[in-house]
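Novice: The following file, coords.tsv, comprises TSV, C-alpha atoms:
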chain	number	residue	atom	x	y	z
Q	147	MET	CA	-30.71	32.95	26.91
Q	148	ASN	CA	-27.60	34.05	28.80
Q	149	ASP	CA	-24.05	33.79	27.53
Q	150	GLU	CA	-23.18	30.65	29.43
Q	151	SER	CA	-26.03	28.58	28.07
Q	152	LYS	CA	-25.22	29.86	24.61
Q	153	LEU	CA	-21.64	28.68	25.07
Q	154	LYS	CA	-22.83	25.27	26.27
Q	155	ASP	CA	-25.12	25.03	23.29
Q	156	LEU	CA	-22.24	25.79	20.96
Q	157	GLN	CA	-20.04	23.22	22.71
Q	158	ALA	CA	-22.75	20.60	22.28
Q	159	GLN	CA	-22.96	21.41	18.58
Q	160	ILE	CA	-19.19	21.13	18.23
Q	161	ASP	CA	-19.16	17.77	20.03
Q	162	ALA	CA	-21.95	16.46	17.84
Q	163	LEU	CA	-20.04	17.47	14.71
Q	164	LYS	CA	-16.84	15.93	16.05
Q	165	THR	CA	-18.42	12.56	16.74
Q	166	LYS	CA	-19.95	12.73	13.28
Q	167	THR	CA	-16.63	13.25	11.52
Q	168	GLU	CA	-14.11	11.43	13.69
Q	169	PRO	CA	-14.89	7.69	13.70
Q	170	LYS	CA	-15.95	7.24	10.05
Q	171	ASN	CA	-15.09	3.57	10.09
Q	172	ALA	CA	-16.95	2.61	6.96
Q	173	ALA	CA	-15.34	5.29	4.76
Q	174	GLY	CA	-12.28	5.02	2.50
Q	175	GLY	CA	-12.58	2.84	-0.57
Q	176	SER	CA	-15.73	1.10	-1.73
Q	177	ASP	CA	-16.53	-2.52	-0.89
Q	178	GLU	CA	-15.41	-3.79	-4.26
Q	179	SER	CA	-12.03	-2.08	-4.32
Q	180	GLU	CA	-11.43	-3.17	-0.76
Q	181	SER	CA	-12.09	-6.83	-1.48
Q	182	MET	CA	-9.92	-6.57	-4.59
Q	183	SER	CA	-7.09	-5.15	-2.56
Q	184	VAL	CA	-7.47	-8.01	-0.06
Q	185	GLY	CA	-7.21	-10.50	-2.92
Q	186	MET	CA	-4.11	-8.76	-4.28
Q	187	ARG	CA	-2.49	-8.90	-0.88
Q	188	ALA	CA	-3.24	-12.58	-0.26
Q	189	GLY	CA	-1.65	-13.66	-3.55
Q	190	THR	CA	1.60	-11.76	-3.15
Q	191	GLU	CA	1.82	-12.54	0.56
Q	192	LEU	CA	2.21	-16.22	-0.31
Q	193	VAL	CA	4.89	-15.59	-2.95
Q	194	GLY	CA	6.65	-12.78	-1.08
Q	195	ALA	CA	7.04	-14.55	2.25
Q	196	THR	CA	8.35	-17.77	0.68
Q	197	VAL	CA	10.77	-16.04	-1.70
Q	198	GLY	CA	11.85	-13.55	0.97
Q	199	SER	CA	12.54	-16.25	3.55
Q	200	ALA	CA	14.44	-18.33	0.99
Q	201	LEU	CA	16.60	-15.27	0.25
Q	202	ILE	CA	17.23	-14.67	3.96
Q	203	GLY	CA	18.15	-18.34	4.45
Q	204	TYR	CA	20.47	-18.37	1.43
Q	205	GLY	CA	22.12	-15.15	2.60
Q	206	LEU	CA	22.72	-16.52	6.10
Q	207	ASP	CA	24.12	-19.74	4.62
Q	208	SER	CA	26.60	-18.06	2.33
Q	209	TRP	CA	27.61	-15.69	5.14
Q	210	LEU	CA	28.11	-18.39	7.82
Q	211	GLY	CA	29.05	-21.24	5.45
Q	212	THR	CA	26.39	-23.60	6.80
Q	213	LYS	CA	24.84	-24.72	3.50
Q	214	PRO	CA	22.07	-25.84	3.30
Q	215	TRP	CA	20.68	-25.75	6.85
Q	216	PHE	CA	19.52	-22.14	7.22
Q	217	LEU	CA	17.98	-22.23	3.74
Q	218	ILE	CA	15.91	-25.31	4.60
Q	219	ILE	CA	14.80	-24.19	8.06
Q	220	ILE	CA	14.01	-20.57	7.24
Q	221	PHE	CA	12.31	-21.50	3.97
Q	222	LEU	CA	9.97	-23.89	5.79
Q	223	LEU	CA	9.28	-21.26	8.45
Q	224	GLY	CA	8.65	-18.76	5.66
Q	225	VAL	CA	6.00	-20.98	4.09
Q	226	CYS	CA	4.29	-21.26	7.48
Q	227	ALA	CA	4.57	-17.46	7.91
Q	228	ALA	CA	2.95	-16.97	4.50
Q	229	PHE	CA	-0.06	-19.06	5.49
Q	230	LEU	CA	-0.21	-17.32	8.85
Q	231	ASN	CA	-0.30	-13.95	7.05
Q	232	ILE	CA	-3.08	-15.09	4.74
Q	233	TRP	CA	-5.07	-16.34	7.70
Q	234	LYS	CA	-4.61	-12.95	9.40
Q	235	ILE	CA	-5.77	-11.07	6.27
Q	236	THR	CA	-8.91	-13.17	5.85
Q	237	GLU	CA	-9.73	-12.93	9.55
Q	238	ASN	CA	-9.37	-9.14	9.40
Q	239	SER	CA	-11.59	-8.75	6.33
Q	240	ASP	CA	-14.19	-11.12	7.86
Q	241	ARG	CA	-14.39	-8.94	10.92
Q	242	LYS	CA	-14.62	-5.76	8.86
Q	243	SER	CA	-17.47	-7.06	6.72
Q	244	ALA	CA	-19.29	-8.35	9.80
Q	245	GLU	CA	-19.06	-4.88	11.30
Q	246	LYS	CA	-20.38	-3.36	8.10
Q	247	ASN	CA	-23.30	-5.77	7.94
Q	248	LEU	CA	-24.35	-4.71	11.40
Q	249	SER	CA	-26.75	-2.01	10.28
Q	250	ALA	CA	-26.98	1.38	11.91
Q	251	GLU	CA	-30.30	0.45	13.53
Q	252	GLN	CA	-28.87	-2.63	15.17
Q	253	LYS	CA	-26.04	-0.52	16.52
Q	254	LYS	CA	-28.56	1.96	17.93
Q	255	SER	CA	-30.55	-0.76	19.66
Q	256	LEU	CA	-27.32	-2.20	21.03
Q	257	ALA	CA	-26.39	1.23	22.35
Q	258	LYS	CA	-29.83	1.50	24.00
Q	259	ASP	CA	-29.31	-1.83	25.71
Q	260	VAL	CA	-26.02	-0.67	27.10
Q	261	GLU	CA	-27.22	2.73	28.22
Q	262	PRO	CA	-29.43	1.74	31.24
Q	263	LEU	CA	-26.57	-0.23	32.74
Q	264	LYS	CA	-24.67	2.96	33.36
P	279	MET	CA	8.66	-6.14	-34.48
P	280	ALA	CA	8.98	-4.10	-31.31
P	281	ASP	CA	10.57	-5.80	-28.34
P	282	PRO	CA	8.08	-5.95	-25.42
P	283	ILE	CA	10.91	-5.53	-22.89
P	284	HIS	CA	12.21	-2.39	-24.57
P	285	GLN	CA	9.77	-0.17	-22.67
P	286	PHE	CA	11.53	-1.02	-19.41
P	287	VAL	CA	15.09	-0.22	-20.53
P	288	ILE	CA	16.79	2.51	-18.52
P	289	GLN	CA	18.42	5.03	-20.82
P	290	ASP	CA	20.92	7.68	-19.78
P	291	LEU	CA	19.72	11.11	-20.80
P	292	VAL	CA	22.49	13.12	-19.12
P	293	PRO	CA	25.48	10.85	-18.37
P	294	LEU	CA	27.09	11.72	-15.04
P	295	HIS	CA	29.76	9.63	-13.29
P	296	ILE	CA	31.16	10.83	-9.98
P	297	GLY	CA	33.89	8.77	-8.32
P	298	GLY	CA	32.96	5.55	-10.14
P	299	VAL	CA	29.28	5.90	-9.17
P	300	ASP	CA	26.78	6.15	-12.00
P	301	LEU	CA	24.60	9.16	-11.19
P	302	SER	CA	23.31	9.68	-14.72
P	303	PHE	CA	19.98	11.40	-15.23
P	304	THR	CA	17.89	8.62	-16.80
P	305	ASN	CA	14.47	8.37	-18.37
P	306	SER	CA	13.27	6.88	-15.07
P	307	ALA	CA	14.54	9.95	-13.20
P	308	LEU	CA	12.97	12.22	-15.81
P	309	TRP	CA	9.52	10.73	-15.19
P	310	MET	CA	9.99	10.97	-11.45
P	311	VAL	CA	10.77	14.67	-11.87
P	312	ILE	CA	7.67	15.05	-14.07
P	313	ALA	CA	5.54	13.26	-11.46
P	314	ALA	CA	6.86	15.39	-8.61
P	315	GLY	CA	6.57	18.60	-10.60
P	316	LEU	CA	3.12	17.90	-12.01
P	317	SER	CA	1.63	16.88	-8.66
P	318	SER	CA	3.16	19.91	-6.88
P	319	VAL	CA	1.97	22.35	-9.56
P	320	VAL	CA	-1.54	20.87	-9.78
P	321	LEU	CA	-2.04	20.74	-6.01
P	322	THR	CA	-0.66	24.25	-5.49
P	323	MET	CA	-2.75	25.67	-8.31
P	324	ALA	CA	-5.85	23.90	-7.02
P	325	MET	CA	-5.53	25.36	-3.55
P	326	SER	CA	-4.16	28.82	-4.43
P	327	ARG	CA	-7.60	30.29	-5.03
P	328	ALA	CA	-9.50	28.06	-2.65
P	329	SER	CA	-13.12	28.98	-2.15
P	330	ILE	CA	-16.03	27.55	-0.17
P	331	VAL	CA	-17.69	26.49	-3.41
P	332	PRO	CA	-14.75	24.65	-4.99
P	333	ASN	CA	-13.86	24.69	-8.66
P	334	ARG	CA	-13.03	21.46	-10.49
P	335	LEU	CA	-9.32	21.40	-9.69
P	336	GLN	CA	-10.02	22.12	-6.05
P	337	VAL	CA	-12.43	19.19	-5.90
P	338	VAL	CA	-9.68	16.91	-7.21
P	339	ALA	CA	-7.20	18.12	-4.60
P	340	GLU	CA	-9.70	18.00	-1.76
P	341	SER	CA	-11.02	14.55	-2.60
P	342	ALA	CA	-7.45	13.23	-2.84
P	343	TYR	CA	-6.79	14.73	0.57
P	344	SER	CA	-9.93	13.33	2.23
P	345	PHE	CA	-9.46	9.94	0.55
P	346	VAL	CA	-5.97	9.54	2.03
P	347	ALA	CA	-7.04	11.10	5.35
P	348	ASN	CA	-9.88	8.57	5.73
P	349	MET	CA	-7.54	5.76	4.76
P	350	VAL	CA	-4.98	6.77	7.40
P	351	ARG	CA	-7.66	7.23	10.08
P	352	ASP	CA	-9.27	3.87	9.33
P	353	ASN	CA	-6.10	1.83	9.10
P	354	ALA	CA	-3.62	3.56	11.39
P	355	GLY	CA	-5.96	5.27	13.86
P	356	THR	CA	-6.15	8.92	14.84
P	357	GLU	CA	-2.57	8.72	16.17
P	358	GLY	CA	-1.44	7.79	12.68
P	359	MET	CA	-2.63	11.16	11.36
P	360	ARG	CA	0.70	12.57	12.56
P	361	PHE	CA	2.27	10.73	9.62
P	362	PHE	CA	-0.32	11.96	7.14
P	363	PRO	CA	2.12	14.13	5.12
P	364	LEU	CA	4.44	11.16	4.55
P	365	ILE	CA	1.61	8.81	3.56
P	366	PHE	CA	-0.02	11.36	1.27
P	367	THR	CA	3.34	11.88	-0.48
P	368	LEU	CA	3.83	8.13	-0.85
P	369	PHE	CA	0.35	7.74	-2.32
P	370	ILE	CA	0.91	10.54	-4.83
P	371	VAL	CA	4.35	9.24	-5.83
P	372	VAL	CA	3.06	5.73	-6.52
P	373	LEU	CA	-0.20	6.90	-8.12
P	374	MET	CA	1.61	9.34	-10.42
P	375	GLY	CA	4.14	6.68	-11.36
P	376	ASN	CA	1.40	4.22	-12.27
P	377	ALA	CA	-0.85	6.76	-13.99
P	378	LEU	CA	1.87	8.54	-16.00
P	379	GLY	CA	2.98	5.11	-17.19
P	380	MET	CA	-0.33	4.80	-19.01
P	381	ILE	CA	0.67	7.61	-21.40
P	382	PRO	CA	2.06	6.12	-24.62
P	383	TYR	CA	5.87	6.41	-24.97
P	384	SER	CA	6.21	7.30	-21.29
P	385	PHE	CA	8.26	5.38	-18.75
P	386	THR	CA	6.68	3.62	-15.74
P	387	TYR	CA	9.18	4.04	-12.92
P	388	THR	CA	7.07	1.88	-10.58
P	389	SER	CA	7.72	-1.08	-12.91
P	390	HIS	CA	11.29	-1.33	-11.60
P	391	LEU	CA	12.12	-3.34	-8.51
P	392	ALA	CA	14.92	-0.87	-7.74
P	393	VAL	CA	12.37	1.92	-7.27
P	394	THR	CA	9.66	-0.02	-5.42
P	395	GLY	CA	12.31	-1.83	-3.38
P	396	ALA	CA	13.83	1.47	-2.26
P	397	LEU	CA	10.37	2.79	-1.30
P	398	ALA	CA	9.51	-0.41	0.59
P	399	LEU	CA	12.86	-0.51	2.42
P	400	PHE	CA	12.44	3.13	3.40
P	401	ILE	CA	8.96	2.36	4.83
P	402	PHE	CA	10.27	-0.75	6.60
P	403	ILE	CA	13.14	1.11	8.27
P	404	PHE	CA	10.97	4.12	9.08
P	405	VAL	CA	8.24	1.99	10.71
P	406	THR	CA	10.82	0.06	12.74
P	407	ILE	CA	12.38	3.31	13.98
P	408	VAL	CA	8.95	4.72	14.90
P	409	GLY	CA	8.18	1.53	16.82
P	410	PHE	CA	11.43	1.62	18.78
P	411	ILE	CA	11.08	5.35	19.55
P	412	ARG	CA	7.51	4.95	20.83
P	413	HIS	CA	7.91	1.71	22.78
P	414	GLY	CA	11.63	1.21	23.28
P	415	LEU	CA	12.62	-2.45	23.57
P	416	HIS	CA	8.99	-3.23	24.40
P	417	PHE	CA	8.41	-2.97	20.63
P	418	LEU	CA	9.87	-6.48	20.35
P	419	SER	CA	6.71	-7.82	22.02
P	420	LEU	CA	5.14	-7.32	18.56
P	421	PHE	CA	6.68	-10.70	17.71
P	422	SER	CA	5.04	-12.50	20.62
P	423	PRO	CA	1.24	-12.53	20.27
P	424	GLU	CA	-0.81	-12.69	23.48
P	425	GLY	CA	-2.58	-15.85	24.59
P	426	VAL	CA	-0.15	-18.27	22.96
P	427	PRO	CA	1.01	-21.24	25.07
P	428	LEU	CA	4.71	-21.26	25.92
P	429	VAL	CA	5.41	-24.38	23.85
P	430	LEU	CA	3.92	-22.80	20.74
P	431	LYS	CA	5.86	-19.57	21.31
P	432	PHE	CA	9.09	-21.24	20.18
P	433	PHE	CA	7.37	-21.81	16.87
P	434	VAL	CA	5.26	-18.65	16.56
P	435	ILE	CA	7.97	-16.10	17.39
P	436	PRO	CA	10.28	-17.14	14.49
P	437	LEU	CA	7.23	-17.08	12.21
P	438	GLU	CA	6.32	-13.56	13.28
P	439	ILE	CA	9.92	-12.38	12.87
P	440	ILE	CA	10.13	-13.85	9.37
P	441	SER	CA	6.80	-12.38	8.34
P	442	TYR	CA	8.00	-9.00	9.64
P	443	LEU	CA	11.33	-9.25	7.79
P	444	THR	CA	9.69	-10.26	4.50
P	445	ARG	CA	7.36	-7.24	4.55
P	446	PRO	CA	9.56	-5.11	2.27
P	447	VAL	CA	9.76	-8.03	-0.19
P	448	THR	CA	5.98	-8.45	-0.46
P	449	LEU	CA	5.38	-4.72	-0.55
P	450	SER	CA	7.84	-4.02	-3.35
P	451	VAL	CA	7.29	-7.17	-5.43
P	452	ARG	CA	3.50	-6.67	-5.52
P	453	LEU	CA	3.73	-3.17	-6.98
P	454	PHE	CA	6.57	-3.86	-9.40
P	455	ALA	CA	5.19	-7.20	-10.63
P	456	ASN	CA	1.72	-5.83	-11.23
P	457	MET	CA	2.96	-2.83	-13.17
P	458	MET	CA	5.49	-4.78	-15.21
P	459	ALA	CA	3.15	-7.68	-16.02
P	460	GLY	CA	0.39	-5.35	-17.16
P	461	HIS	CA	2.59	-3.28	-19.45
P	462	LEU	CA	4.27	-6.41	-20.81
P	463	LEU	CA	0.91	-7.98	-21.65
P	464	LEU	CA	-0.25	-4.83	-23.44
P	465	LYS	CA	2.88	-4.81	-25.59
P	466	VAL	CA	2.74	-8.55	-26.36
P	467	PHE	CA	-0.87	-8.36	-27.51
P	468	ALA	CA	-0.11	-5.28	-29.59
P	469	GLY	CA	2.62	-7.39	-31.19
P	470	PHE	CA	0.08	-10.14	-31.97
P	471	CYS	CA	-2.07	-7.52	-33.62
P	472	VAL	CA	0.77	-6.49	-35.94
P	473	SER	CA	1.80	-10.04	-36.87
P	474	LEU	CA	-1.79	-11.15	-37.52
P	475	MET	CA	-2.17	-8.20	-39.89
P	476	SER	CA	-0.29	-10.18	-42.59
P	477	VAL	CA	-2.83	-13.04	-42.25
P	478	SER	CA	-6.03	-11.05	-42.18
P	479	ILE	CA	-7.05	-7.60	-41.03
P	480	ALA	CA	-10.25	-8.91	-39.41
P	481	LEU	CA	-8.34	-11.43	-37.31
P	482	SER	CA	-5.94	-8.77	-36.12
P	483	LEU	CA	-8.83	-6.86	-34.59
P	484	LEU	CA	-9.20	-9.58	-31.95
P	485	PRO	CA	-6.02	-8.79	-29.96
P	486	MET	CA	-6.80	-5.12	-30.45
P	487	ALA	CA	-10.19	-5.54	-28.77
P	488	PHE	CA	-8.49	-7.43	-25.97
P	489	ASN	CA	-6.00	-4.59	-25.58
P	490	ALA	CA	-8.80	-2.04	-25.34
P	491	VAL	CA	-10.21	-3.97	-22.38
P	492	MET	CA	-6.74	-4.45	-20.92
P	493	ILE	CA	-6.03	-0.72	-21.00
P	494	ALA	CA	-9.15	-0.02	-18.96
P	495	PHE	CA	-8.11	-2.77	-16.58
P	496	GLU	CA	-4.62	-1.27	-16.33
P	497	PHE	CA	-6.10	2.05	-15.22
P	498	LEU	CA	-7.92	0.18	-12.46
P	499	ILE	CA	-4.70	-1.60	-11.46
P	500	ALA	CA	-2.80	1.70	-11.45
P	501	GLY	CA	-5.17	3.16	-8.88
P	502	LEU	CA	-5.62	-0.04	-6.94
P	503	GLN	CA	-1.92	-0.72	-6.52
P	504	ALA	CA	-1.32	2.81	-5.26
P	505	TYR	CA	-4.17	2.22	-2.80
P	506	VAL	CA	-2.84	-1.16	-1.64
P	507	PHE	CA	0.69	0.20	-1.22
P	508	THR	CA	-0.49	3.06	0.99
P	509	VAL	CA	-2.99	0.96	2.96
P	510	LEU	CA	-0.24	-1.50	3.84
P	511	THR	CA	2.02	1.35	4.93
P	512	CYS	CA	-0.80	2.48	7.24
P	513	VAL	CA	-1.26	-1.05	8.58
P	514	TYR	CA	2.47	-1.36	9.31
P	515	LEU	CA	2.43	2.06	11.00
P	516	LYS	CA	-0.48	0.95	13.15
P	517	ASP	CA	1.54	-2.04	14.35
P	518	ALA	CA	4.37	0.28	15.31
P	519	ILE	CA	2.07	2.77	17.04
P	520	GLU	CA	-0.32	0.44	18.86
P	521	LEU	CA	1.50	-2.94	19.07
P	522	HIS	CA	-1.39	-5.24	18.01
Represent the structure contained in this file as structure tokens.

Specialist:
Amino acid sequence: MNDESKLKDLQAQIDALKTKTEPKNAAGGSDESESMSVGMRAGTELVGATVGSALIGYGLDSWLGTKPWFLIIIFLLGVCAAFLNIWKITENSDRKSAEKNLSAEQKKSLAKDVEPLK
Amino acid sequence: MADPIHQFVIQDLVPLHIGGVDLSFTNSALWMVIAAGLSSVVLTMAMSRASIVPNRLQVVAESAYSFVANMVRDNAGTEGMRFFPLIFTLFIVVLMGNALGMIPYSFTYTSHLAVTGALALFIFIFVTIVGFIRHGLHFLSLFSPEGVPLVLKFFVIPLEIISYLTRPVTLSVRLFANMMAGHLLLKVFAGFCVSLMSVSIALSLLPMAFNAVMIAFEFLIAGLQAYVFTVLTCVYLKDAIELH
């Protein structure tokens, strides 16, 4: 084995290790703690966005002297924003769990299907 | 009987007033100093004699590191790793605040809206600045999702702006409310225990058993809230880095 092929071999090993460590999509927090954190977020998102928007509306009103118009409009928008946020959270966690359920074997077979096309 | 709110009262330890501004060293500040000092000392000690086969302290430090590193990589992408030091610090600050609060007679600084609000506002401003530096005015396209018909845009853009502006509110209220509610509940049930003592000792064991469960639950909440706080910071950073 000459030096060059040795170097290539080493490079291949490094690449293999890199692909092993870099993506790691499933890591970081177990399933249970993740779903709990999603639940925590959904609850406060509803309260936070409504209260926050009411505060913004009230602040604008007392600054511009337009009581009660900004409060009403921004509060209603805030309620919509809260539901929009919750929808986004649930959509995200749905996608994540769908990705997790796709087992490693399925991914491999998918990769095989894609390979010949190249 | 003990007042359940008393545990949240800010007390001046070293009064200090400069130019009409109250800069006193309080019990809240004391516990922040303890948190910062303890985490720095433990992490430095753990890594000072680092070896390939780690000792117990080194395992703690390394697993904390890889836990946060995975979290940042998963939620903010590889680009987000540039902000790893900031996010690791945030995680440790919140986690230490929550965990030290579980020691009897200690003070939970994360149970104050002033503290969590300052942290959340700092994150909010920082993320906005990062977004504008990376994308310039193009960052504003964050508020206009792709594939939305023009008519709906008049409705969706204000919604997106409001949900962006209320981020610091949700971020700070979640942490502060969880910590305060938990500690309040513990104290109230401990109070029940004392007042039931005059009726019957056996009956007073009921709230005590509940408290034992609650304390375990509070430890879970302490870790979970630190996790949620940091994950959301990563998610916000991802928005600023990648725009959708």

Novice: If you count all atoms listed in the file, which residues fall within 10 Å of range 462-477 of chain P, apart from same-chain ones fewer than 3 positions away, as a list of chain:residue names?

Specialist: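 The neighbour list is P:Met279, P:Ala280, P:Asp281, P:Pro282, P:Ile283, P:His284, P:Gln285, P:Phe286, P:Asn456, P:Met457, P:Met458, P:Ala459, P:Ala480, P:Leu481, P:Ser482, P:Leu483, P:Leu484, P:Pro485, P:Met486, P:Ala487, P:Phe488, P:Asn489, P:Ala490, P:Met492, P:Ile493, P:Glu496.
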
Novice: So how many Å separate CA of Gly409 in chain P and CA of Phe221 in chain Q, to one decimal?

Specialist: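 Computing the Euclidean distance for CA of Gly409 in chain P and CA of Phe221 in chain Q yields 26.7 Å.
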
Novice: When you look at Ile202 in chain Q with a cut-off of 12 Å (counting all atoms listed in the file), what residues show up, excluding the ones that are within fewer than 6 positions of it in the same chain? I need them as a PyMOL selection string.

Specialist: (chain Q and resi 194-196+208-209+215-224) or (chain P and resi 439-441+443-444+447)

Novice: As an exercise, work out the distance from CA of Ser329 in chain P to CA of Ile312 in chain P in Å and give it to one decimal place.

Specialist: 27.7 Å

Novice: Write down, as a VMD selection string, each residue of chain Q that has any atom within 12 Å of an atom of chain P, counting all atoms listed in the file.

Specialist: chain Q and resid 167 to 176 178 to 203 219 to 232 234 to 235 238 242

Novice: What is the distance between CA of His461 in chain P and CA of Phe385 in chain P, in Å to one decimal?

Specialist: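 Between CA of His461 in chain P and CA of Phe385 in chain P the gap is 10.4 Å.
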
Novice: What box, with edges along x, y and z, holds each listed atom of range 211-221 of chain Q when 6 Å is added on every side, and can you state its centre and edge lengths in Å to one decimal, as lines of an AutoDock Vina configuration file?

Specialist:
center_x = 20.7
center_y = -23.2
center_z = 5.7
size_x = 28.7
size_y = 17.3
size_z = 16.8

Novice: Can you find the residues with an atom no farther than 12 Å from (13.5, 7.6, -17.0), counting all atoms listed in the file, and report them as number ranges by chain?

Specialist: P: 285-292, 302-313, 375, 378-379, 383-390, 393

Novice: Go ahead and save the residues from that selection, with C-alpha atoms, as a PDB file, in the frame of the given file.

Specialist:
ATOM      1  CA  GLN P 285       9.770  -0.170 -22.670  1.00  0.00           C
ATOM      2  CA  PHE P 286      11.530  -1.020 -19.410  1.00  0.00           C
ATOM      3  CA  VAL P 287      15.090  -0.220 -20.530  1.00  0.00           C
ATOM      4  CA  ILE P 288      16.790   2.510 -18.520  1.00  0.00           C
ATOM      5  CA  GLN P 289      18.420   5.030 -20.820  1.00  0.00           C
ATOM      6  CA  ASP P 290      20.920   7.680 -19.780  1.00  0.00           C
ATOM      7  CA  LEU P 291      19.720  11.110 -20.800  1.00  0.00           C
ATOM      8  CA  VAL P 292      22.490  13.120 -19.120  1.00  0.00           C
ATOM      9  CA  SER P 302      23.310   9.680 -14.720  1.00  0.00           C
ATOM     10  CA  PHE P 303      19.980  11.400 -15.230  1.00  0.00           C
ATOM     11  CA  THR P 304      17.890   8.620 -16.800  1.00  0.00           C
ATOM     12  CA  ASN P 305      14.470   8.370 -18.370  1.00  0.00           C
ATOM     13  CA  SER P 306      13.270   6.880 -15.070  1.00  0.00           C
ATOM     14  CA  ALA P 307      14.540   9.950 -13.200  1.00  0.00           C
ATOM     15  CA  LEU P 308      12.970  12.220 -15.810  1.00  0.00           C
ATOM     16  CA  TRP P 309       9.520  10.730 -15.190  1.00  0.00           C
ATOM     17  CA  MET P 310       9.990  10.970 -11.450  1.00  0.00           C
ATOM     18  CA  VAL P 311      10.770  14.670 -11.870  1.00  0.00           C
ATOM     19  CA  ILE P 312       7.670  15.050 -14.070  1.00  0.00           C
ATOM     20  CA  ALA P 313       5.540  13.260 -11.460  1.00  0.00           C
ATOM     21  CA  GLY P 375       4.140   6.680 -11.360  1.00  0.00           C
ATOM     22  CA  LEU P 378       1.870   8.540 -16.000  1.00  0.00           C
ATOM     23  CA  GLY P 379       2.980   5.110 -17.190  1.00  0.00           C
ATOM     24  CA  TYR P 383       5.870   6.410 -24.970  1.00  0.00           C
ATOM     25  CA  SER P 384       6.210   7.300 -21.290  1.00  0.00           C
ATOM     26  CA  PHE P 385       8.260   5.380 -18.750  1.00  0.00           C
ATOM     27  CA  THR P 386       6.680   3.620 -15.740  1.00  0.00           C
ATOM     28  CA  TYR P 387       9.180   4.040 -12.920  1.00  0.00           C
ATOM     29  CA  THR P 388       7.070   1.880 -10.580  1.00  0.00           C
ATOM     30  CA  SER P 389       7.720  -1.080 -12.910  1.00  0.00           C
ATOM     31  CA  HIS P 390      11.290  -1.330 -11.600  1.00  0.00           C
ATOM     32  CA  VAL P 393      12.370   1.920  -7.270  1.00  0.00           C
TER      33      VAL P 393
END

Novice: Name all residues at most 12 Å from Glu520 in chain P (count only C-alpha atoms; drop same-chain ones fewer than 3 positions away) and give them as a ChimeraX atom specification.

Specialist: /P:353-358,405,408-410,412-413,416-417,419-420,512-517

Novice: Can you give me N, CA and C atoms for range 487-499 of chain P, written as a PDB file, in the coordinates of the input?

Specialist:
ATOM      1  N   ALA P 487      -9.045  -5.659 -29.677  1.00  0.00           N
ATOM      2  CA  ALA P 487     -10.190  -5.540 -28.770  1.00  0.00           C
ATOM      3  C   ALA P 487      -9.776  -5.943 -27.358  1.00  0.00           C
ATOM      4  N   PHE P 488      -8.978  -6.995 -27.282  1.00  0.00           N
ATOM      5  CA  PHE P 488      -8.490  -7.430 -25.970  1.00  0.00           C
ATOM      6  C   PHE P 488      -7.674  -6.322 -25.305  1.00  0.00           C
ATOM      7  N   ASN P 489      -6.842  -5.668 -26.123  1.00  0.00           N
ATOM      8  CA  ASN P 489      -6.000  -4.590 -25.580  1.00  0.00           C
ATOM      9  C   ASN P 489      -6.832  -3.428 -25.077  1.00  0.00           C
ATOM     10  N   ALA P 490      -7.938  -3.144 -25.782  1.00  0.00           N
ATOM     11  CA  ALA P 490      -8.800  -2.040 -25.340  1.00  0.00           C
ATOM     12  C   ALA P 490      -9.324  -2.321 -23.939  1.00  0.00           C
ATOM     13  N   VAL P 491      -9.730  -3.594 -23.711  1.00  0.00           N
ATOM     14  CA  VAL P 491     -10.210  -3.970 -22.380  1.00  0.00           C
ATOM     15  C   VAL P 491      -9.071  -3.909 -21.378  1.00  0.00           C
ATOM     16  N   MET P 492      -7.903  -4.403 -21.817  1.00  0.00           N
ATOM     17  CA  MET P 492      -6.740  -4.450 -20.920  1.00  0.00           C
ATOM     18  C   MET P 492      -6.331  -3.050 -20.451  1.00  0.00           C
ATOM     19  N   ILE P 493      -6.450  -2.072 -21.365  1.00  0.00           N
ATOM     20  CA  ILE P 493      -6.030  -0.720 -21.000  1.00  0.00           C
ATOM     21  C   ILE P 493      -6.926  -0.172 -19.892  1.00  0.00           C
ATOM     22  N   ALA P 494      -8.241  -0.442 -20.025  1.00  0.00           N
ATOM     23  CA  ALA P 494      -9.150  -0.020 -18.960  1.00  0.00           C
ATOM     24  C   ALA P 494      -8.783  -0.712 -17.650  1.00  0.00           C
ATOM     25  N   PHE P 495      -8.481  -2.011 -17.769  1.00  0.00           N
ATOM     26  CA  PHE P 495      -8.110  -2.770 -16.580  1.00  0.00           C
ATOM     27  C   PHE P 495      -6.828  -2.223 -15.953  1.00  0.00           C
ATOM     28  N   GLU P 496      -5.884  -1.810 -16.828  1.00  0.00           N
ATOM     29  CA  GLU P 496      -4.620  -1.270 -16.330  1.00  0.00           C
ATOM     30  C   GLU P 496      -4.824   0.023 -15.543  1.00  0.00           C
ATOM     31  N   PHE P 497      -5.801   0.824 -15.978  1.00  0.00           N
ATOM     32  CA  PHE P 497      -6.100   2.050 -15.220  1.00  0.00           C
ATOM     33  C   PHE P 497      -6.591   1.687 -13.825  1.00  0.00           C
ATOM     34  N   LEU P 498      -7.439   0.644 -13.760  1.00  0.00           N
ATOM     35  CA  LEU P 498      -7.920   0.180 -12.460  1.00  0.00           C
ATOM     36  C   LEU P 498      -6.748  -0.275 -11.595  1.00  0.00           C
ATOM     37  N   ILE P 499      -5.850  -1.078 -12.203  1.00  0.00           N
ATOM     38  CA  ILE P 499      -4.700  -1.600 -11.460  1.00  0.00           C
ATOM     39  C   ILE P 499      -3.817  -0.451 -10.971  1.00  0.00           C
TER      40      ILE P 499
END
